[in-house]
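Single-structure report; data block below.
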Amino acid sequence: MAVVMAAGSAAAAVDFSAFVAEAARESITELSNADGTDTARAAALKPLLLKYFDMQDIARHVLGGYWKKIGAEQQKPYVDQFVNYIASVYAKRVKDYAGQQLNVKRVRDQGANATVCTQVDDQDTRIDW
């Protein structure tokens, strides 16, 4: 999963590893507390997407050059639907979560940005943030 994290001049003070660990911990907690339906998991996931990810920037990036062709009156509904879609997709993907842990393996600091490389337990599942 590629994640866009807004980073400004305070980026040097950001502990990217801790950021990812906290986002994963809170996500696991919230998703564990949601009832077992896809709808409930999506509802639990949506506020976390908005809290930890720059969803407007991600949605703009996904739309590409078409972003400039639509006005603000279309951009906001598009972003809202994009967030709902992503929450729904990932709610279904975490359905089979069974207590696996996300382990930070390394951080590639790239100045104002970073990539946090993680692995799910000792599996081959790698997630880069």
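Labels for the structure tokens follow display order: chains A, B, ..., residues from 1 in each chain, ligands from 1.
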
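Here the strand (DSSP E or B) residues in chain A, by DSSP on the backbone, are Leu102, Asn103, Val104, Lys105, Arg106, Val107, Arg108, Asp109, Gln110, Asn113, Ala114, Thr115, Val116, Cys117, Thr118, Gln119, Val120, Arg126, Ile127 and Asp128 of chain A.
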
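Here CA of Val120 in chain A stands at a distance of 12.9 Å from CA of Arg25 in chain A.
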
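Distance annotation: of A:Asn103, A:Gln56, A:Gln75, A:Thr39, the residue with the minimal separation from Glu22 in chain A is A:Asn103; atom set is only C-alpha atoms.
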
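The space between CA of Ala42 in chain A and CA of Tyr90 in chain A spans 7.4 Å.
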
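Taking CA of Ala21 in chain A and CA of Gln81 in chain A as the two end points, the separation is 27.1 Å.
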
Name all residues at most 12 Å from Ala98 in chain A (count only C-alpha atoms; drop same-chain ones fewer than 3 positions away) and give them as a tab-separated table (two decimals) with N, CA and C atoms, in the first residue's frame.
chain	number	residue	atom	x	y	z
A	28	ILE	N	-6.05	-1.52	13.99
A	28	ILE	CA	-6.36	-2.85	14.51
A	28	ILE	C	-7.37	-2.76	15.63
A	31	LEU	N	-10.87	-1.68	14.13
A	31	LEU	CA	-11.45	-2.75	13.31
A	31	LEU	C	-11.84	-3.95	14.17
A	32	SER	N	-11.10	-4.21	15.23
A	32	SER	CA	-11.45	-5.31	16.14
A	32	SER	C	-12.73	-5.01	16.91
A	94	VAL	N	-9.46	-6.78	5.08
A	94	VAL	CA	-9.03	-7.12	6.44
A	94	VAL	C	-9.99	-8.07	7.13
A	95	LYS	N	-10.96	-8.56	6.40
A	95	LYS	CA	-11.97	-9.46	6.95
A	95	LYS	C	-11.33	-10.67	7.63
A	101	GLN	N	0.75	-9.24	13.38
A	101	GLN	CA	1.35	-7.97	13.78
A	101	GLN	C	2.12	-7.36	12.62
A	120	VAL	N	4.26	-8.18	7.65
A	120	VAL	CA	3.25	-8.79	8.51
A	120	VAL	C	3.85	-10.06	9.10
A	121	ASP	N	4.02	-10.07	10.42
A	121	ASP	CA	4.65	-11.19	11.13
A	121	ASP	C	5.86	-11.68	10.37

Give me, as a PyMOL selection string, all polymer residues having an atom no more than 10 Å from Ile86 in chain A, counting only C-alpha atoms and skipping those fewer than 2 positions away in the same chain. chain A and resi 42+45-46+49+55+59+81-84+88-91

Could the residues in this selection be saved with C-alpha atoms as a short mmCIF file (atom, residue, chain, number, x, y, z; two decimals), in the first residue's frame?
data_model
loop_
_atom_site.label_atom_id
_atom_site.label_comp_id
_atom_site.auth_asym_id
_atom_site.auth_seq_id
_atom_site.Cartn_x
_atom_site.Cartn_y
_atom_site.Cartn_z
CA ALA A 42 -15.68 0.40 6.43
CA LEU A 45 -11.88 2.55 8.81
CA LYS A 46 -13.08 5.81 7.22
CA LEU A 49 -8.15 7.12 6.58
CA MET A 55 -7.00 11.40 1.14
CA ALA A 59 -7.73 11.06 -4.72
CA GLN A 81 -16.81 8.90 -2.80
CA PHE A 82 -13.15 7.95 -3.23
CA VAL A 83 -12.74 7.76 0.57
CA ASN A 84 -15.89 5.64 0.85
CA SER A 88 -15.04 -0.36 1.54
CA VAL A 89 -12.22 -2.09 -0.36
CA TYR A 90 -9.90 -2.32 2.64
CA ALA A 91 -12.75 -3.32 4.96
#

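Checking A:Leu48, A:Gln123, A:Gly64, A:Ala87 one by one against Ala24 in chain A, counting only C-alpha atoms, you find the shortest gap at A:Leu48.
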
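For the set A:Arg60, A:Ile127, A:Thr115, A:Arg108, the residue with the smallest atom-to-atom gap to Gln74 in chain A is A:Arg60, counting only C-alpha atoms.
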
Polymer residues at most 12 Å from Asp128 in chain A, only C-alpha atoms, same-chain spacing of 2 or more positions, as an MDAnalysis selection string: chainID A and resid 1:4 16:17 20 102:108 114:120 125:126
